[in-house]
Each structure stands twice: as C-alpha cells, then as structure tokens.
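Source file: query-v9.cif. Holds: mmCIF, C-alpha atoms and all ligand atoms.
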```cif
data_run
#
loop_
_atom_site.label_atom_id
_atom_site.label_comp_id
_atom_site.auth_asym_id
_atom_site.auth_seq_id
_atom_site.Cartn_x
_atom_site.Cartn_y
_atom_site.Cartn_z
CA MET A 1004 -23.29 -31.39 16.02
CA ASN A 1005 -26.66 -30.09 17.24
CA HIS A 1006 -26.01 -26.39 17.62
CA PRO A 1007 -26.74 -23.77 14.91
CA ILE A 1008 -23.99 -23.05 12.39
CA ALA A 1009 -23.42 -19.61 10.89
CA ASP A 1010 -23.26 -18.86 7.17
CA VAL A 1011 -19.98 -16.92 7.07
CA SER A 1012 -20.66 -15.65 3.55
CA LEU A 1013 -23.29 -13.35 5.13
CA ILE A 1014 -20.81 -11.67 7.51
CA LYS A 1015 -19.76 -8.20 6.36
CA PRO A 1016 -16.17 -6.96 6.77
CA CYS A 1017 -15.50 -5.20 10.08
CA LEU A 1018 -12.79 -4.70 12.67
CA LEU A 1019 -12.98 -7.00 15.69
CA VAL A 1020 -11.12 -6.57 18.97
CA ILE A 1021 -11.32 -9.71 21.10
CA MET A 1022 -11.08 -8.50 24.70
CA GLY A 1023 -11.14 -9.73 28.30
CA VAL A 1024 -8.80 -10.77 31.07
CA SER A 1025 -5.91 -13.20 30.75
CA GLY A 1026 -7.09 -16.75 30.02
CA CYS A 1027 -10.59 -15.82 28.83
CA GLY A 1028 -9.75 -17.33 25.43
CA LYS A 1029 -8.96 -14.31 23.24
CA SER A 1030 -6.21 -15.99 21.21
CA LYS A 1031 -8.11 -19.22 20.73
CA LEU A 1032 -11.28 -17.43 19.61
CA ALA A 1033 -9.36 -15.05 17.33
CA LYS A 1034 -7.64 -17.98 15.58
CA GLY A 1035 -10.98 -19.74 15.17
CA LEU A 1036 -12.54 -16.60 13.68
CA GLN A 1037 -9.57 -16.11 11.39
CA GLN A 1038 -9.92 -19.64 10.03
CA GLN A 1039 -13.62 -19.15 9.39
CA LEU A 1040 -13.51 -15.60 8.01
CA ASN A 1041 -10.06 -15.55 6.46
CA TRP A 1042 -9.47 -11.97 7.71
CA PRO A 1043 -6.06 -10.63 8.81
CA PHE A 1044 -5.26 -11.42 12.46
CA GLN A 1045 -2.92 -9.68 14.88
CA GLU A 1046 -2.04 -11.17 18.26
CA GLY A 1047 -1.96 -8.16 20.60
CA ASP A 1048 0.58 -9.83 22.90
CA SER A 1049 3.12 -9.70 20.04
CA LEU A 1050 2.94 -5.89 20.13
CA HIS A 1051 4.06 -5.61 23.77
CA SER A 1052 7.58 -4.30 24.43
CA ALA A 1053 10.18 -6.70 25.83
CA GLN A 1054 9.99 -4.69 29.11
CA ASN A 1055 6.24 -5.28 29.40
CA ILE A 1056 6.63 -9.01 28.75
CA GLN A 1057 9.44 -9.16 31.32
CA LYS A 1058 7.30 -7.36 33.91
CA MET A 1059 4.31 -9.66 33.41
CA SER A 1060 6.57 -12.75 33.46
CA GLU A 1061 7.80 -11.60 36.88
CA GLY A 1062 4.21 -11.38 38.11
CA ILE A 1063 4.10 -7.55 38.16
CA PRO A 1064 0.91 -5.99 36.76
CA LEU A 1065 1.31 -3.40 34.01
CA THR A 1066 0.46 0.23 34.77
CA ASP A 1067 -1.45 2.66 32.54
CA GLU A 1068 1.93 4.12 31.48
CA ASP A 1069 3.24 0.66 30.54
CA ARG A 1070 0.14 -0.04 28.50
CA LEU A 1071 -0.10 3.25 26.63
CA PRO A 1072 2.54 2.64 23.88
CA TRP A 1073 1.18 -0.90 23.43
CA LEU A 1074 -2.39 0.37 23.02
CA GLU A 1075 -1.16 2.93 20.46
CA LYS A 1076 0.46 0.11 18.47
CA CYS A 1077 -2.77 -1.91 18.65
CA HIS A 1078 -4.69 1.15 17.44
CA ASP A 1079 -2.23 1.70 14.58
CA TRP A 1080 -2.77 -1.88 13.41
CA LEU A 1081 -6.56 -1.35 13.42
CA LYS A 1082 -6.25 1.99 11.61
CA GLU A 1083 -3.98 0.41 9.00
CA ARG A 1084 -6.60 -2.29 8.42
CA GLU A 1085 -9.25 0.41 7.99
CA VAL A 1086 -7.31 2.49 5.49
CA SER A 1087 -6.02 -0.52 3.54
CA GLY A 1088 -9.39 -0.70 1.83
CA ASP A 1089 -11.01 -3.92 2.97
CA GLY A 1090 -11.77 -2.72 6.54
CA CYS A 1091 -11.60 -6.14 8.13
CA GLY A 1092 -9.27 -7.52 10.78
CA ILE A 1093 -9.13 -9.37 14.08
CA LEU A 1094 -7.00 -8.16 17.01
CA THR A 1095 -6.62 -9.68 20.47
CA CYS A 1096 -6.18 -7.09 23.21
CA SER A 1097 -7.23 -7.33 26.84
CA ALA A 1098 -8.59 -3.71 26.57
CA LEU A 1099 -9.44 -3.85 30.26
CA LYS A 1100 -10.49 -0.21 30.80
CA LYS A 1101 -12.86 2.04 28.89
CA SER A 1102 -10.05 4.57 28.50
CA TYR A 1103 -7.99 1.85 26.76
CA ARG A 1104 -10.88 1.01 24.46
CA ASP A 1105 -11.22 4.72 23.63
CA ILE A 1106 -7.61 4.66 22.39
CA LEU A 1107 -8.25 1.57 20.28
CA ARG A 1108 -11.33 2.97 18.50
CA LYS A 1109 -10.04 6.56 18.18
CA ASP A 1110 -10.75 7.96 14.63
CA ILE A 1111 -12.07 4.65 13.32
CA ARG A 1112 -15.09 5.30 11.17
CA GLY A 1113 -15.85 1.86 9.73
CA SER A 1114 -17.66 -1.05 11.42
CA PHE A 1115 -15.89 -1.88 14.65
CA TYR A 1116 -16.89 -4.26 17.47
CA PHE A 1117 -15.39 -5.43 20.72
CA ILE A 1118 -16.02 -9.08 21.49
CA TYR A 1119 -15.94 -9.34 25.27
CA ILE A 1120 -15.40 -12.87 26.56
CA ASP A 1121 -16.75 -13.26 30.08
CA VAL A 1122 -15.53 -16.35 31.96
CA PRO A 1123 -15.98 -17.03 35.71
CA GLN A 1124 -12.90 -16.65 37.88
CA ASP A 1125 -12.70 -20.32 38.91
CA ILE A 1126 -12.57 -21.48 35.29
CA LEU A 1127 -10.03 -18.78 34.38
CA LEU A 1128 -7.79 -19.91 37.20
CA GLN A 1129 -8.01 -23.57 36.20
CA ARG A 1130 -7.14 -22.70 32.59
CA LEU A 1131 -4.17 -20.49 33.51
CA GLN A 1132 -2.79 -23.06 35.94
CA LYS A 1133 -2.96 -25.72 33.21
CA ARG A 1134 -1.62 -23.55 30.33
CA LYS A 1135 1.99 -24.30 29.37
CA GLY A 1136 4.60 -22.12 27.62
CA HIS A 1137 2.98 -18.70 28.15
CA PHE A 1138 4.67 -15.74 29.86
CA MET A 1139 1.55 -14.66 31.79
CA PRO A 1140 1.43 -16.23 35.29
CA ALA A 1141 -1.87 -17.26 36.91
CA SER A 1142 -0.92 -15.02 39.86
CA LEU A 1143 -1.77 -11.94 37.75
CA LEU A 1144 -5.40 -13.00 37.31
CA SER A 1145 -6.70 -11.11 40.35
CA SER A 1146 -5.17 -7.81 39.20
CA GLN A 1147 -6.61 -8.41 35.70
CA LEU A 1148 -10.09 -8.87 37.21
CA GLU A 1149 -9.71 -5.81 39.45
CA THR A 1150 -8.65 -3.66 36.50
CA LEU A 1151 -11.44 -4.81 34.19
CA ASP A 1152 -14.20 -2.25 33.50
CA THR A 1153 -16.87 -4.25 31.72
CA PRO A 1154 -18.02 -2.50 28.52
CA ASP A 1155 -20.86 0.03 28.85
CA ALA A 1156 -24.06 -0.18 26.84
CA ASP A 1157 -22.90 2.62 24.50
CA GLU A 1158 -19.72 0.75 23.53
CA ASN A 1159 -20.18 -1.33 20.42
CA PHE A 1160 -19.66 -4.78 21.86
CA ILE A 1161 -20.78 -8.37 21.71
CA LYS A 1162 -20.64 -10.17 25.04
CA ILE A 1163 -20.10 -13.88 25.05
CA THR A 1164 -20.42 -15.74 28.35
CA VAL A 1165 -18.45 -18.96 28.54
CA ARG A 1166 -18.49 -21.58 31.27
CA ASN A 1167 -17.68 -25.11 30.18
CA ASP A 1168 -19.12 -24.64 26.68
CA PRO A 1169 -17.23 -26.54 23.99
CA PHE A 1170 -15.06 -24.18 21.98
CA GLU A 1171 -16.82 -24.93 18.67
CA GLU A 1172 -20.12 -23.73 20.19
CA VAL A 1173 -18.53 -20.53 21.46
CA LEU A 1174 -17.10 -19.87 18.00
CA GLN A 1175 -20.44 -20.45 16.28
CA LYS A 1176 -22.27 -18.18 18.78
CA VAL A 1177 -19.92 -15.32 17.90
CA LEU A 1178 -20.24 -15.98 14.16
CA LEU A 1179 -24.04 -16.06 14.46
CA GLN A 1180 -24.02 -12.70 16.26
CA LEU A 1181 -21.81 -11.23 13.54
CA GLN A 1182 -24.14 -12.66 10.91
CA HIS A 1183 -27.13 -11.11 12.70
CA ILE A 1184 -25.44 -7.67 12.90
CA SER A 1185 -24.47 -7.91 9.21
CA LEU A 1186 -28.04 -8.67 8.15
CA LYS A 1187 -29.34 -5.67 10.14
CA SER A 1188 -26.82 -3.16 8.72
N1 LIG A 1201 -13.90 -22.26 25.11
C1 LIG A 1201 -12.82 -22.84 25.68
N2 LIG A 1201 -12.97 -24.02 26.29
C2 LIG A 1201 -11.92 -24.61 26.90
N3 LIG A 1201 -10.68 -24.10 26.96
C3 LIG A 1201 -10.47 -22.93 26.36
C4 LIG A 1201 -11.53 -22.23 25.68
N4 LIG A 1201 -11.02 -21.07 25.19
C5 LIG A 1201 -9.71 -21.07 25.55
N5 LIG A 1201 -9.38 -22.18 26.24
C6 LIG A 1201 -8.07 -22.52 26.82
O1 LIG A 1201 -7.82 -21.60 27.87
C7 LIG A 1201 -6.46 -21.18 27.85
C8 LIG A 1201 -6.40 -19.68 27.66
O2 LIG A 1201 -6.84 -19.37 26.33
P1 LIG A 1201 -6.11 -18.25 25.50
O3 LIG A 1201 -4.62 -18.39 25.58
O4 LIG A 1201 -6.74 -18.20 24.17
O5 LIG A 1201 -6.56 -16.98 26.40
P2 LIG A 1201 -6.13 -15.46 26.24
O6 LIG A 1201 -7.30 -14.65 26.66
O7 LIG A 1201 -5.56 -15.19 24.89
O8 LIG A 1201 -5.00 -15.35 27.35
P3 LIG A 1201 -3.82 -14.28 27.51
O9 LIG A 1201 -4.45 -12.92 27.55
O10 LIG A 1201 -3.18 -14.63 28.82
O11 LIG A 1201 -2.89 -14.45 26.35
C9 LIG A 1201 -5.77 -21.94 26.73
O12 LIG A 1201 -5.14 -23.06 27.27
C10 LIG A 1201 -6.93 -22.33 25.81
O13 LIG A 1201 -6.68 -23.52 25.10
O1 LIG A 1202 -3.29 -5.38 29.81
C1 LIG A 1202 -2.59 -6.26 30.30
O2 LIG A 1202 -2.39 -6.47 31.50
C2 LIG A 1202 -1.92 -7.21 29.36
O3 LIG A 1202 -2.26 -6.95 28.07
C3 LIG A 1202 -2.33 -8.61 29.65
O4 LIG A 1202 -3.72 -8.69 29.56
C4 LIG A 1202 -1.59 -9.57 28.74
O5 LIG A 1202 -1.20 -9.03 27.52
C5 LIG A 1202 -2.31 -10.81 28.44
O6 LIG A 1202 -3.44 -11.07 29.18
C6 LIG A 1202 -1.34 -11.93 28.54
O7 LIG A 1202 -1.42 -12.59 27.40
#
```
Show me, as structure tokens, the structure contained in the file I just sent.
Amino acid sequence: MNHPIADVSLIKPCLLVIMGVSGCGKSKLAKGLQQQLNWPFQEGDSLHSAQNIQKMSEGIPLTDEDRLPWLEKCHDWLKEREVSGDGCGILTCSALKKSYRDILRKDIRGSFYFIYIDVPQDILLQRLQKRKGHFMPASLLSSQLETLDTPDADENFIKITVRNDPFEEVLQKVLLQLQHISLKS
C-alpha cells in the first residue's frame, strides 16, 4: 500500500450524508466509513416507501412529491443522531437537488457534511449494468444525472472524484479529508 492512511482517532464526531447519483458508490463508501469509524449507519434506500421502490424498479423516475416523505425520514434519522448526544452518524441519500439537501440539514446545529461522490457517466453505466440484485435499473441513470444539482460552494461538502481508483484509496481520501477538517475545527 503506497497511499497515505488516515489516523481515525483524530476524526471528530459529525453527521455525514453520502450523496450522488445511483451507482456512484454511496453504500460501499458508507459501509467502509462505518467499519473505520464505528459510527451508526443508515442506508437511505431502506427508508423509501414500497411505492417508491416499486416505481424505481419499473424504471420510472421519482418526482419531488415522491421524494418528500423519504427526505423527511432521512432528516429525522439525522436529527435523532444529533439529539442522541454523540452527534455522529452516516447516511446514504442521493440528495440530488439543493432543495433536498436543505430538508436534510434543516435545524441541524452540529457538524454536518455532505460527501459528494462524482463519477463519470461511462463508469456509472458500467457499474450499474454489472450490479446484481438491486432494484434500481441502469435505465434511470440519465434522469439521475439530469436531476443532479452539484453542491454549491456555500454547502458544507467534501467532493471526491472517482474514476478507476481502487476503493481503499477512495476510502482513505475521504478519511484524510475528515481528519483535516477535524484538526482545523
Ligand atoms: N470505488 C469503487 N470502485 C469500483 N467499484 C465500486 C466503487 N464504489 C462502488 N463500486 C461498485 O459500484 C456499484 C455501485 O455501488 P453502490 O451500490 O455502493 O452505489 P450507490 O451509490 O449506493 O447506488 P444506489 O444509489 O443505486 O443504491 C456496486 O457494484 C459497487 O460494488
Ligand atoms: O432520489 C432518487 O431518485 C432515489 O433516491 C434514487 O437515487 C435511489 O434511492 C437510489 O439511487 C437507488 O439506490
């Protein structure tokens, strides 16, 4: 291994929302972070209604109205993590629009960061076409990319650009950024 490794003991508790379009690697990164940090983890997909899952499985993109109750549930999980006392947690949520991210961070006063995973379309498509046993079809990728508003400079976010980087390097890059932020705060 010849890439830098983070010292996780230096990372301060915070809330992390791992965001980006389908197939960017939210679930894989969140699980990696959870193993390293030992913080509570919520898979955002598990908070979708059965109707939303059915719609996506049929290749129909969700509307703002479909997403609203789901985003509220995601927010409630984050808020619960904040008030529980330790203020740390990891949530996966595509959070494609700024208005969705505003719902997620509403009334949260503690440390909170979006981790935006940016992956080129050709790699996303290859990954989704290969992925087995997931309800989200590759045909929804174009609507995901059209809907995505990339985070603005005033949104608290860490951007991680991934091409064919080995997963372990991606994970360490995120941990190193979190370590850096922790040392500055
Ligand atoms: N850095 C990586 N390198 C190679 N493959 C990866 C990497 N990250 C994720 N993958 C693979 O890409 C696919 C999509 O990853 P994952 O399911 O974590 O994405 P996701 O953003 O959670 O997707 P969705 O929103 O559709 O649930 C999986 O098969 C995963 O193993
Ligand atoms: O906002 C959305 O359209 C949905 O949240 C999707 O992003 C899916 O949940 C996810 O990508 C599939 O796992």
What does the distance from atom C6 of ligand LIG 1202 (chain A) to CA of Asp1155 in chain A come to in Å, to one decimal?
22.9 Å
Looking at only C-alpha atoms, which of A:Lys1133, A:His1051, A:Lys1100, A:Lys1058 is the one that sits closest to Cys1077 in chain A?
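Distance minimum relative to Cys1077 in chain A lands on A:His1051.
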Contacts of range 1084-1095 of chain A at 12 Å or less, counting only C-alpha atoms, minus same-chain residues fewer than 5 places along, as a ChimeraX atom specification?
/A:1014-1051,1074,1076-1079,1107-1120
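CA of Pro1169 in chain A lies 28.9 Å from CA of Met1059 in chain A.
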Taking into account all atoms listed in the file, which residue in the set A:Ser1012, A:Ser1102, A:Gln1054, A:Thr1150 is nearest to ligand LIG 1202 (chain A)?
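Smallest distance to ligand LIG 1202 (chain A) is found for A:Thr1150.
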Please provide the set of residues having any atom within 12 Å of range 1124-1130 of chain A, restricted to all atoms listed in the file, with same-chain residues fewer than 2 positions apart removed, written as a ChimeraX atom specification.
/A:1023-1028,1120-1122,1132-1135,1137,1139-1149,1164-1168
Interatomic distance (Å, one decimal) between atom O11 of ligand LIG 1201 (chain A) and CA of Asn1055 in chain A:
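A separation of 13.3 Å between them.
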Counting all atoms listed in the file, figure out which residue out of A:Asp1152, A:Leu1071, A:Leu1081, A:Leu1099 gets nearest to ligand LIG 1202 (chain A).
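Closest residue, counting all atoms listed in the file: A:Leu1099.
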